[in-house]
>>> print(open('start_21.tsv').read())   # TSV, C-alpha atoms
chain	number	residue	atom	x	y	z
A	13	MET	CA	0.00	0.00	0.00
A	14	ARG	CA	2.91	2.34	-0.81
A	15	SER	CA	3.80	1.83	2.82
A	16	GLU	CA	7.30	3.27	2.70
A	17	PHE	CA	6.09	6.42	0.94
A	18	TRP	CA	3.41	7.25	3.52
A	19	LEU	CA	5.54	6.30	6.51
A	20	THR	CA	8.23	8.65	5.22
A	21	VAL	CA	5.65	11.42	4.72
A	22	TRP	CA	4.72	11.21	8.40
A	23	GLU	CA	8.30	10.86	9.60
A	24	ASN	CA	9.29	13.99	7.66
A	25	GLY	CA	6.18	15.93	8.64
A	26	ASN	CA	5.15	16.62	5.03
A	27	LEU	CA	1.51	17.09	5.99
A	28	GLY	CA	0.13	19.51	3.42
A	29	PHE	CA	-2.94	17.28	3.13
A	30	HIS	CA	-3.81	17.62	6.83
A	31	LEU	CA	-6.53	20.15	7.68
A	32	ASP	CA	-6.25	22.03	10.96
A	33	GLN	CA	-10.03	22.24	11.20
A	34	THR	CA	-13.04	20.00	10.63
A	35	ASN	CA	-13.74	19.54	6.95
A	36	PRO	CA	-16.65	21.87	6.06
A	37	PHE	CA	-18.08	19.39	3.56
A	38	LEU	CA	-18.29	16.72	6.23
A	39	MET	CA	-20.35	19.09	8.36
A	40	LYS	CA	-22.47	20.19	5.39
A	41	PHE	CA	-23.41	16.74	4.09
A	42	TRP	CA	-23.20	14.40	7.08
A	43	SER	CA	-26.92	14.77	7.88
A	44	GLN	CA	-27.72	13.16	4.53
A	45	MET	CA	-26.27	9.91	5.83
A	46	GLY	CA	-29.41	9.43	7.92
A	47	LEU	CA	-27.58	8.02	10.92
A	48	GLU	CA	-28.61	7.90	14.55
A	49	ALA	CA	-26.55	8.67	17.63
A	50	GLY	CA	-24.59	5.58	18.56
A	51	ASP	CA	-24.13	4.36	14.98
A	52	PRO	CA	-20.44	3.40	14.53
A	53	VAL	CA	-18.38	5.08	11.81
A	54	PHE	CA	-15.24	3.78	10.08
A	55	VAL	CA	-12.55	6.19	8.81
A	56	PRO	CA	-10.01	4.47	6.54
A	57	LEU	CA	-6.52	5.95	6.15
A	58	CYS	CA	-7.50	8.40	8.87
A	59	GLY	CA	-4.18	10.10	9.60
A	60	LYS	CA	-4.78	12.45	12.51
A	61	THR	CA	-7.83	14.13	11.01
A	62	LEU	CA	-9.88	16.37	13.30
A	63	ASP	CA	-12.93	15.01	11.51
A	64	MET	CA	-12.84	12.06	13.92
A	65	VAL	CA	-13.29	14.42	16.84
A	66	TRP	CA	-16.29	16.01	15.15
A	67	LEU	CA	-17.83	12.61	14.38
A	68	ALA	CA	-17.41	11.58	18.01
A	69	GLU	CA	-19.08	14.83	19.06
A	70	GLN	CA	-22.08	13.76	16.96
A	71	LYS	CA	-22.30	10.72	19.27
A	72	HIS	CA	-20.75	8.22	16.86
A	73	PRO	CA	-18.19	5.66	18.04
A	74	VAL	CA	-15.32	6.10	15.57
A	75	MET	CA	-12.81	3.53	14.37
A	76	GLY	CA	-9.98	4.65	12.13
A	77	VAL	CA	-7.22	2.67	10.50
A	78	GLU	CA	-3.87	4.31	9.84
A	79	LEU	CA	-0.51	3.05	8.64
A	80	SER	CA	1.63	5.51	10.59
A	81	PRO	CA	2.05	5.09	14.36
A	82	ILE	CA	3.19	8.73	14.46
A	83	ALA	CA	-0.16	9.91	13.10
A	84	ALA	CA	-2.15	7.86	15.60
A	85	GLU	CA	-0.16	8.97	18.62
A	86	ASP	CA	-0.19	12.59	17.48
A	87	PHE	CA	-3.97	12.52	17.09
A	88	PHE	CA	-4.59	11.70	20.73
A	89	THR	CA	-1.78	13.93	22.03
A	90	GLU	CA	-2.77	17.00	20.01
A	91	ASN	CA	-6.44	16.65	20.93
A	92	ASN	CA	-5.71	16.08	24.64
A	93	ILE	CA	-7.52	12.74	24.61
A	94	GLU	CA	-6.29	10.27	27.19
A	95	ALA	CA	-5.68	7.00	25.37
A	96	THR	CA	-4.39	3.48	25.91
A	97	LEU	CA	-2.27	1.40	23.56
A	98	SER	CA	-2.81	-2.32	23.11
A	99	ALA	CA	-2.31	-5.08	20.54
A	100	ASP	CA	-5.09	-6.66	18.47
A	101	ASN	CA	-4.27	-9.32	15.88
A	102	LYS	CA	-2.30	-7.49	13.16
A	103	PHE	CA	-2.77	-4.04	14.66
A	104	SER	CA	-1.57	-1.83	17.44
A	105	VAL	CA	-4.66	-0.13	18.81
A	106	TRP	CA	-4.97	3.33	20.35
A	107	HIS	CA	-8.24	3.88	22.20
A	108	GLY	CA	-9.46	7.04	23.88
A	109	GLY	CA	-13.05	8.07	24.57
A	110	ASP	CA	-15.24	7.07	21.65
A	111	ILE	CA	-12.35	6.96	19.19
A	112	GLU	CA	-10.16	3.99	18.29
A	113	ILE	CA	-7.31	3.98	15.77
A	114	LYS	CA	-5.93	0.69	14.53
A	115	VAL	CA	-2.34	1.14	13.38
A	116	GLY	CA	-1.60	-1.14	10.46
A	117	ASN	CA	-2.65	-1.96	6.90
A	118	PHE	CA	-6.17	-1.11	5.71
A	119	PHE	CA	-6.27	-4.41	3.81
A	120	ASP	CA	-5.97	-6.31	7.10
A	121	ILE	CA	-9.31	-4.90	8.31
A	122	THR	CA	-11.93	-7.67	8.25
A	123	ALA	CA	-15.70	-7.85	8.03
A	124	ASP	CA	-15.73	-8.88	11.67
A	125	ASP	CA	-13.95	-5.62	12.59
A	126	LEU	CA	-16.80	-3.68	10.93
A	127	LYS	CA	-19.80	-5.90	11.69
A	128	ASP	CA	-21.59	-3.10	13.56
A	129	THR	CA	-20.41	-0.23	11.36
A	130	LYS	CA	-23.17	1.86	9.79
A	131	ALA	CA	-21.09	4.35	7.82
A	132	VAL	CA	-17.70	5.07	6.29
A	133	TYR	CA	-16.15	8.52	5.94
A	134	ASP	CA	-13.59	8.73	3.14
A	135	ARG	CA	-12.11	12.21	2.82
A	136	ALA	CA	-8.55	11.37	1.85
A	137	SER	CA	-8.45	7.60	1.34
A	138	ILE	CA	-9.27	6.73	-2.24
A	139	VAL	CA	-7.47	9.85	-3.52
A	140	ALA	CA	-4.32	8.77	-1.68
A	141	LEU	CA	-4.04	5.62	-3.79
A	142	PRO	CA	-2.76	5.07	-7.35
A	143	PRO	CA	-5.19	3.53	-9.91
A	144	THR	CA	-4.51	-0.18	-9.37
A	145	MET	CA	-4.72	0.22	-5.62
A	146	ARG	CA	-8.02	2.11	-5.95
A	147	GLN	CA	-9.45	-1.03	-7.52
A	148	ASP	CA	-8.17	-3.12	-4.61
A	149	TYR	CA	-9.51	-0.56	-2.15
A	150	ALA	CA	-13.01	-0.67	-3.65
A	151	LYS	CA	-13.02	-4.47	-3.71
A	152	HIS	CA	-11.91	-4.65	-0.10
A	153	LEU	CA	-14.53	-2.15	1.06
A	154	ASN	CA	-17.18	-4.20	-0.71
A	155	LYS	CA	-15.89	-7.34	1.00
A	156	ILE	CA	-15.84	-5.97	4.55
A	157	LEU	CA	-18.96	-3.77	4.60
A	158	THR	CA	-22.45	-5.06	5.32
A	159	ILE	CA	-25.57	-4.32	3.27
A	160	ASP	CA	-26.99	-0.79	3.81
A	161	THR	CA	-23.66	0.66	5.01
A	162	LYS	CA	-23.26	4.18	3.65
A	163	ILE	CA	-20.10	5.95	2.53
A	164	LEU	CA	-19.55	9.70	2.42
A	165	MET	CA	-16.69	10.06	-0.07
A	166	LEU	CA	-14.82	13.17	-1.19
A	167	THR	CA	-12.68	13.03	-4.33
A	168	PHE	CA	-10.73	15.49	-6.45
A	169	GLU	CA	-10.63	15.88	-10.22
A	170	TYR	CA	-7.87	17.81	-11.98
A	171	ASP	CA	-5.29	17.57	-14.76
A	172	GLN	CA	-2.69	15.00	-13.66
A	173	ASP	CA	-0.51	15.88	-16.63
A	174	ILE	CA	0.26	19.04	-14.65
A	175	VAL	CA	0.24	17.69	-11.10
A	176	GLU	CA	0.98	14.04	-10.41
A	177	GLY	CA	-0.52	13.69	-6.94
A	178	PRO	CA	-1.27	12.47	-4.36
A	179	PRO	CA	-3.97	13.46	-3.81
A	180	HIS	CA	-4.81	11.75	-7.08
A	181	SER	CA	-7.52	12.76	-9.51
A	182	VAL	CA	-10.54	10.44	-9.20
A	183	THR	CA	-13.41	11.19	-11.58
A	184	HIS	CA	-17.15	10.51	-11.29
A	185	THR	CA	-16.73	7.96	-14.09
A	186	GLU	CA	-14.10	6.07	-12.12
A	187	ILE	CA	-16.26	6.04	-8.98
A	188	ARG	CA	-19.10	4.52	-11.02
A	189	HIS	CA	-16.74	1.94	-12.51
A	190	LEU	CA	-15.36	0.95	-9.10
A	191	PHE	CA	-18.57	0.87	-7.08
A	192	GLU	CA	-21.75	0.70	-9.17
A	193	SER	CA	-21.95	-3.11	-9.13
A	194	ASN	CA	-22.49	-3.15	-5.37
A	195	PHE	CA	-23.45	0.38	-4.34
A	196	LEU	CA	-26.05	3.01	-5.12
A	197	ILE	CA	-24.13	6.16	-6.04
A	198	ASN	CA	-25.45	9.67	-5.52
A	199	LYS	CA	-23.26	12.66	-6.32
A	200	LEU	CA	-24.22	15.29	-3.77
A	201	ASP	CA	-21.97	18.14	-4.85
A	202	SER	CA	-19.23	19.28	-7.23
A	203	ARG	CA	-17.34	22.53	-6.89
A	204	ASP	CA	-14.06	24.02	-8.02
A	205	LEU	CA	-11.76	24.67	-5.04
A	206	ILE	CA	-8.83	26.07	-7.00
A	207	GLU	CA	-9.06	29.45	-5.23
A	208	ARG	CA	-8.49	27.68	-1.90
A	209	ALA	CA	-5.84	25.27	-3.23
A	210	LYS	CA	-2.91	27.68	-3.38
A	211	GLY	CA	-0.37	24.90	-3.82
A	212	MET	CA	-2.26	23.53	-6.81
A	213	GLN	CA	-2.51	27.02	-8.29
A	214	ALA	CA	1.22	27.49	-7.88
A	215	ALA	CA	1.81	24.19	-9.67
A	216	GLY	CA	-0.11	25.49	-12.70
A	217	LEU	CA	-3.60	24.07	-12.27
A	218	LYS	CA	-6.56	26.15	-13.45
A	219	SER	CA	-9.19	23.84	-11.95
A	220	PHE	CA	-9.31	21.60	-8.87
A	221	VAL	CA	-12.80	20.15	-8.50
A	222	GLN	CA	-14.02	18.34	-5.42
A	223	HIS	CA	-16.83	15.82	-5.79
A	224	THR	CA	-18.90	14.66	-2.81
A	225	PHE	CA	-20.58	11.25	-3.11
A	226	LEU	CA	-23.02	9.28	-1.01
A	227	LEU	CA	-22.70	5.56	-1.63
A	228	GLU	CA	-24.97	2.90	-0.15
A	229	LYS	CA	-24.12	-0.80	-0.27
A	230	ILE	CA	-26.96	-2.80	-1.81
A	231	MET	CA	-25.39	-6.20	-2.46
>>> encode(input="start_21.tsv", output="structure tokens")
Amino acid sequence: MRSEFWLTVWENGNLGFHLDQTNPFLMKFWSQMGLEAGDPVFVPLCGKTLDMVWLAEQKHPVMGVELSPIAAEDFFTENNIEATLSADNKFSVWHGGDIEIKVGNFFDITADDLKDTKAVYDRASIVALPPTMRQDYAKHLNKILTIDTKILMLTFEYDQDIVEGPPHSVTHTEIRHLFESNFLINKLDSRDLIERAKGMQAAGLKSFVQHTFLLEKIM
């Protein structure tokens, strides 16, 4: 899973992708998930996103999976959440309050790990992966999620001849190709964020579109 690349990113502190606030599109569209308080949420490739704090504040138990032990430890330290560290099968597990982060490989998460999960929040997961791994990611999500589980997914679309990524460009067409066999797909929003993406502007991009999808597993 490009393990060495992402571990090095965290070791070197190259965290341009990390937001120092809750993602506004999570807050805007989360109500459309139709969840109830107490419904567990899974956050793949979670890093140390503050979105997990917000989800917990909405009364959702949160489980993230993250490759970097630095990211997991920093999350609890920076948010002043008292946490314990234990071992669980192939993972080291940080647990504090209503938030748990499994440190290890996303592809080692099993259906049993997510048997009670009602929703998935993917802000920076699928766009972190190159094309072949996006196929594996979609297949694994389909394998481990139960029927009726919903996914709120944010992707970016831009000219990768100008900027290579990550985050990678993932189009609406690719999302349909990856998920339509097993999920209902509803595109909730598309908007050009190039005015906010100063780094992408500096690299020469004229457009940097974010798509917001709601997926629901049907088979």
>>> residues_around(input="start_21.tsv", residues="Phe191 in chain A", least_positions_apart="2", cutoff="10 Å", atoms="all atoms listed in the file", output="list in words")
Gln147, Ala150, Lys151, Leu153, Asn154, Glu186, Ile187, Arg188, His189, Ser193, Asn194, Phe195, Leu196, Ile197, Leu227, Glu228 and Lys229 of chain A
>>> residues_around(input="start_21.tsv", residues="Ala131 in chain A", least_positions_apart="4", cutoff="10 Å", atoms="all atoms listed in the file", output="JSON list (two decimals) with C-alpha atoms, in the frame of the given file")
[["chain", "number", "residue", "atom", "x", "y", "z"],
["A", 45, "MET", "CA", -26.27, 9.91, 5.83],
["A", 46, "GLY", "CA", -29.41, 9.43, 7.92],
["A", 47, "LEU", "CA", -27.58, 8.02, 10.92],
["A", 51, "ASP", "CA", -24.13, 4.36, 14.98],
["A", 52, "PRO", "CA", -20.44, 3.40, 14.53],
["A", 53, "VAL", "CA", -18.38, 5.08, 11.81],
["A", 54, "PHE", "CA", -15.24, 3.78, 10.08],
["A", 55, "VAL", "CA", -12.55, 6.19, 8.81],
["A", 72, "HIS", "CA", -20.75, 8.22, 16.86],
["A", 74, "VAL", "CA", -15.32, 6.10, 15.57],
["A", 126, "LEU", "CA", -16.80, -3.68, 10.93],
["A", 157, "LEU", "CA", -18.96, -3.77, 4.60],
["A", 158, "THR", "CA", -22.45, -5.06, 5.32],
["A", 160, "ASP", "CA", -26.99, -0.79, 3.81],
["A", 161, "THR", "CA", -23.66, 0.66, 5.01],
["A", 162, "LYS", "CA", -23.26, 4.18, 3.65],
["A", 163, "ILE", "CA", -20.10, 5.95, 2.53],
["A", 164, "LEU", "CA", -19.55, 9.70, 2.42],
["A", 227, "LEU", "CA", -22.70, 5.56, -1.63],
["A", 228, "GLU", "CA", -24.97, 2.90, -0.15]]
>>> atom_distance(input="start_21.tsv", atom1="CA of Gly177 in chain A", atom2="CA of Met165 in chain A")
17.9 Å
>>> closest_residue(input="start_21.tsv", among="A:Ala140, A:Met64, A:Leu200, A:Ile156", to="Asp120 in chain A", atoms="only C-alpha atoms")
A:Ile156
>>> closest_residue(input="start_21.tsv", among="A:Pro143, A:Thr122, A:Lys155, A:His223", to="Thr167 in chain A", atoms="all atoms listed in the file")
A:His223
>>> closest_residue(input="start_21.tsv", among="A:Ile230, A:Leu67, A:Ile174, A:Leu79", to="Ser43 in chain A", atoms="all atoms listed in the file")
A:Leu67
>>> residues_around(input="start_21.tsv", residues="Gln222 in chain A", least_positions_apart="6", cutoff="10 Å", atoms="only C-alpha atoms", output="CSV table (one decimal) with C-alpha atoms, in the coordinates of the input")
chain,number,residue,atom,x,y,z
A,37,PHE,CA,-18.1,19.4,3.6
A,166,LEU,CA,-14.8,13.2,-1.2
A,167,THR,CA,-12.7,13.0,-4.3
A,168,PHE,CA,-10.7,15.5,-6.4
A,169,GLU,CA,-10.6,15.9,-10.2
A,170,TYR,CA,-7.9,17.8,-12.0
A,181,SER,CA,-7.5,12.8,-9.5
A,182,VAL,CA,-10.5,10.4,-9.2
A,183,THR,CA,-13.4,11.2,-11.6
A,201,ASP,CA,-22.0,18.1,-4.8
A,202,SER,CA,-19.2,19.3,-7.2
A,203,ARG,CA,-17.3,22.5,-6.9
A,204,ASP,CA,-14.1,24.0,-8.0
A,205,LEU,CA,-11.8,24.7,-5.0
A,206,ILE,CA,-8.8,26.1,-7.0
>>> atom_distance(input="start_21.tsv", atom1="CA of Asp32 in chain A", atom2="CA of Met75 in chain A")
19.9 Å
>>> atom_distance(input="start_21.tsv", atom1="CA of Phe220 in chain A", atom2="CA of Gln33 in chain A")
20.1 Å
>>> residues_around(input="start_21.tsv", residues="Lys210 in chain A", least_positions_apart="5", cutoff="12 Å", atoms="all atoms listed in the file", output="list of chain:residue names")
A:Gly28, A:Leu205, A:Ala215, A:Gly216, A:Leu217, A:Lys218, A:Ser219, A:Phe220
>>> closest_residue(input="start_21.tsv", among="A:Thr34, A:Ile121, A:Gly76, A:Ser137", to="His107 in chain A", atoms="all atoms listed in the file")
A:Gly76
>>> residues_near_point(input="start_21.tsv", point="(-13.7, 17.1, 10.7)", cutoff="7 Å", atoms="only C-alpha atoms", output="list in words")
Gln33, Thr34, Asn35, Leu38, Thr61, Leu62, Asp63, Met64, Val65 and Trp66 of chain A
>>> residues_near_point(input="start_21.tsv", point="(-0.1, 5.6, 25.9)", cutoff="10 Å", atoms="only C-alpha atoms", output="PDB file with C-alpha atoms, keeping the file's coordinate frame")
ATOM      1  CA  GLU A  85      -0.160   8.970  18.620  1.00  0.00           C
ATOM      2  CA  PHE A  88      -4.590  11.700  20.730  1.00  0.00           C
ATOM      3  CA  THR A  89      -1.780  13.930  22.030  1.00  0.00           C
ATOM      4  CA  GLU A  94      -6.290  10.270  27.190  1.00  0.00           C
ATOM      5  CA  ALA A  95      -5.680   7.000  25.370  1.00  0.00           C
ATOM      6  CA  THR A  96      -4.390   3.480  25.910  1.00  0.00           C
ATOM      7  CA  LEU A  97      -2.270   1.400  23.560  1.00  0.00           C
ATOM      8  CA  SER A  98      -2.810  -2.320  23.110  1.00  0.00           C
ATOM      9  CA  TRP A 106      -4.970   3.330  20.350  1.00  0.00           C
ATOM     10  CA  HIS A 107      -8.240   3.880  22.200  1.00  0.00           C
ATOM     11  CA  GLY A 108      -9.460   7.040  23.880  1.00  0.00           C
TER      12      GLY A 108
END
>>> closest_residue(input="start_21.tsv", among="A:Val105, A:Val115, A:Ala214, A:Ala68", to="Ile82 in chain A", atoms="all atoms listed in the file")
A:Val115
>>> residues_around(input="start_21.tsv", residues="Ser15 in chain A", least_positions_apart="5", cutoff="10 Å", atoms="all atoms listed in the file", output="ChimeraX atom specification")
/A:20-21,79-80,116-117
>>> closest_residue(input="start_21.tsv", among="A:Glu207, A:Met39, A:Lys60, A:Ser104", to="Asn91 in chain A", atoms="all atoms listed in the file")
A:Lys60
>>> decode(input="start_21.tsv", residues="range 203-214 of chain A", atoms="all heavy atoms", output="CSV table (one decimal), in the first residue's frame")
chain,number,residue,atom,x,y,z
A,203,ARG,N,-17.7,21.1,-6.9
A,203,ARG,CA,-17.3,22.5,-6.9
A,203,ARG,C,-15.8,22.7,-7.1
A,203,ARG,O,-15.1,21.8,-6.6
A,203,ARG,CB,-17.8,23.2,-5.6
A,203,ARG,CG,-17.2,22.8,-4.3
A,203,ARG,CD,-17.8,23.5,-3.2
A,203,ARG,NE,-19.2,23.1,-3.0
A,203,ARG,CZ,-20.1,23.8,-2.3
A,203,ARG,NH1,-19.7,24.9,-1.7
A,203,ARG,NH2,-21.3,23.3,-2.2
A,204,ASP,N,-15.5,23.7,-7.7
A,204,ASP,CA,-14.1,24.0,-8.0
A,204,ASP,C,-13.4,24.7,-6.8
A,204,ASP,O,-13.9,25.8,-6.4
A,204,ASP,CB,-13.9,24.9,-9.3
A,204,ASP,CG,-12.5,24.9,-9.8
A,204,ASP,OD1,-11.6,24.6,-9.1
A,204,ASP,OD2,-12.4,25.1,-11.1
A,205,LEU,N,-12.4,24.1,-6.2
A,205,LEU,CA,-11.8,24.7,-5.0
A,205,LEU,C,-10.4,25.3,-5.4
A,205,LEU,O,-9.6,25.5,-4.5
A,205,LEU,CB,-11.6,23.6,-4.0
A,205,LEU,CG,-12.8,22.8,-3.5
A,205,LEU,CD1,-12.4,21.8,-2.5
A,205,LEU,CD2,-13.9,23.8,-3.0
A,206,ILE,N,-10.2,25.6,-6.6
A,206,ILE,CA,-8.8,26.1,-7.0
A,206,ILE,C,-8.4,27.4,-6.3
A,206,ILE,O,-7.3,27.6,-5.9
A,206,ILE,CB,-8.7,26.3,-8.5
A,206,ILE,CG1,-7.3,26.5,-9.0
A,206,ILE,CG2,-9.6,27.4,-9.0
A,206,ILE,CD1,-6.4,25.3,-8.7
A,207,GLU,N,-9.4,28.2,-5.9
A,207,GLU,CA,-9.1,29.4,-5.2
A,207,GLU,C,-8.5,29.2,-3.8
A,207,GLU,O,-7.8,30.0,-3.2
A,207,GLU,CB,-10.3,30.4,-5.2
A,207,GLU,CG,-10.7,30.9,-6.6
A,207,GLU,CD,-9.6,31.7,-7.3
A,207,GLU,OE1,-8.8,32.4,-6.6
A,207,GLU,OE2,-9.4,31.5,-8.5
A,208,ARG,N,-9.0,28.0,-3.2
A,208,ARG,CA,-8.5,27.7,-1.9
A,208,ARG,C,-7.2,26.8,-2.0
A,208,ARG,O,-6.5,26.7,-1.0
A,208,ARG,CB,-9.6,26.9,-1.2
A,208,ARG,CG,-10.9,27.6,-1.1
A,208,ARG,CD,-11.9,26.7,-0.3
A,208,ARG,NE,-13.3,27.1,-0.4
A,208,ARG,CZ,-14.3,26.5,0.1
A,208,ARG,NH1,-14.1,25.4,0.9
A,208,ARG,NH2,-15.5,26.9,-0.1
A,209,ALA,N,-7.0,26.2,-3.1
A,209,ALA,CA,-5.8,25.3,-3.2
A,209,ALA,C,-4.6,26.0,-3.8
A,209,ALA,O,-4.3,25.9,-4.9
A,209,ALA,CB,-6.2,24.1,-4.1
A,210,LYS,N,-4.0,26.8,-2.9
A,210,LYS,CA,-2.9,27.7,-3.4
A,210,LYS,C,-1.7,26.9,-3.9
A,210,LYS,O,-1.1,27.3,-4.9
A,210,LYS,CB,-2.4,28.6,-2.2
A,210,LYS,CG,-3.5,29.5,-1.6
A,210,LYS,CD,-4.1,30.4,-2.7
A,210,LYS,CE,-5.2,31.3,-2.1
A,210,LYS,NZ,-5.8,32.1,-3.1
A,211,GLY,N,-1.5,25.7,-3.3
A,211,GLY,CA,-0.4,24.9,-3.8
A,211,GLY,C,-0.6,24.4,-5.2
A,211,GLY,O,0.3,24.3,-6.1
A,212,MET,N,-1.9,24.0,-5.5
A,212,MET,CA,-2.3,23.5,-6.8
A,212,MET,C,-2.2,24.7,-7.8
A,212,MET,O,-1.8,24.5,-9.0
A,212,MET,CB,-3.7,22.9,-6.8
A,212,MET,CG,-3.7,21.6,-6.0
A,212,MET,SD,-2.6,20.3,-6.6
A,212,MET,CE,-3.2,18.9,-5.7
A,213,GLN,N,-2.6,25.9,-7.4
A,213,GLN,CA,-2.5,27.0,-8.3
A,213,GLN,C,-1.1,27.3,-8.7
A,213,GLN,O,-0.7,27.5,-9.8
A,213,GLN,CB,-3.1,28.3,-7.6
A,213,GLN,CG,-4.6,28.4,-7.6
A,213,GLN,CD,-5.0,29.8,-7.1
A,213,GLN,OE1,-4.6,30.8,-7.6
A,213,GLN,NE2,-5.7,29.8,-6.0
A,214,ALA,N,-0.2,27.2,-7.7
A,214,ALA,CA,1.2,27.5,-7.9
A,214,ALA,C,1.8,26.5,-8.8
A,214,ALA,O,2.8,26.8,-9.5
A,214,ALA,CB,2.0,27.5,-6.5
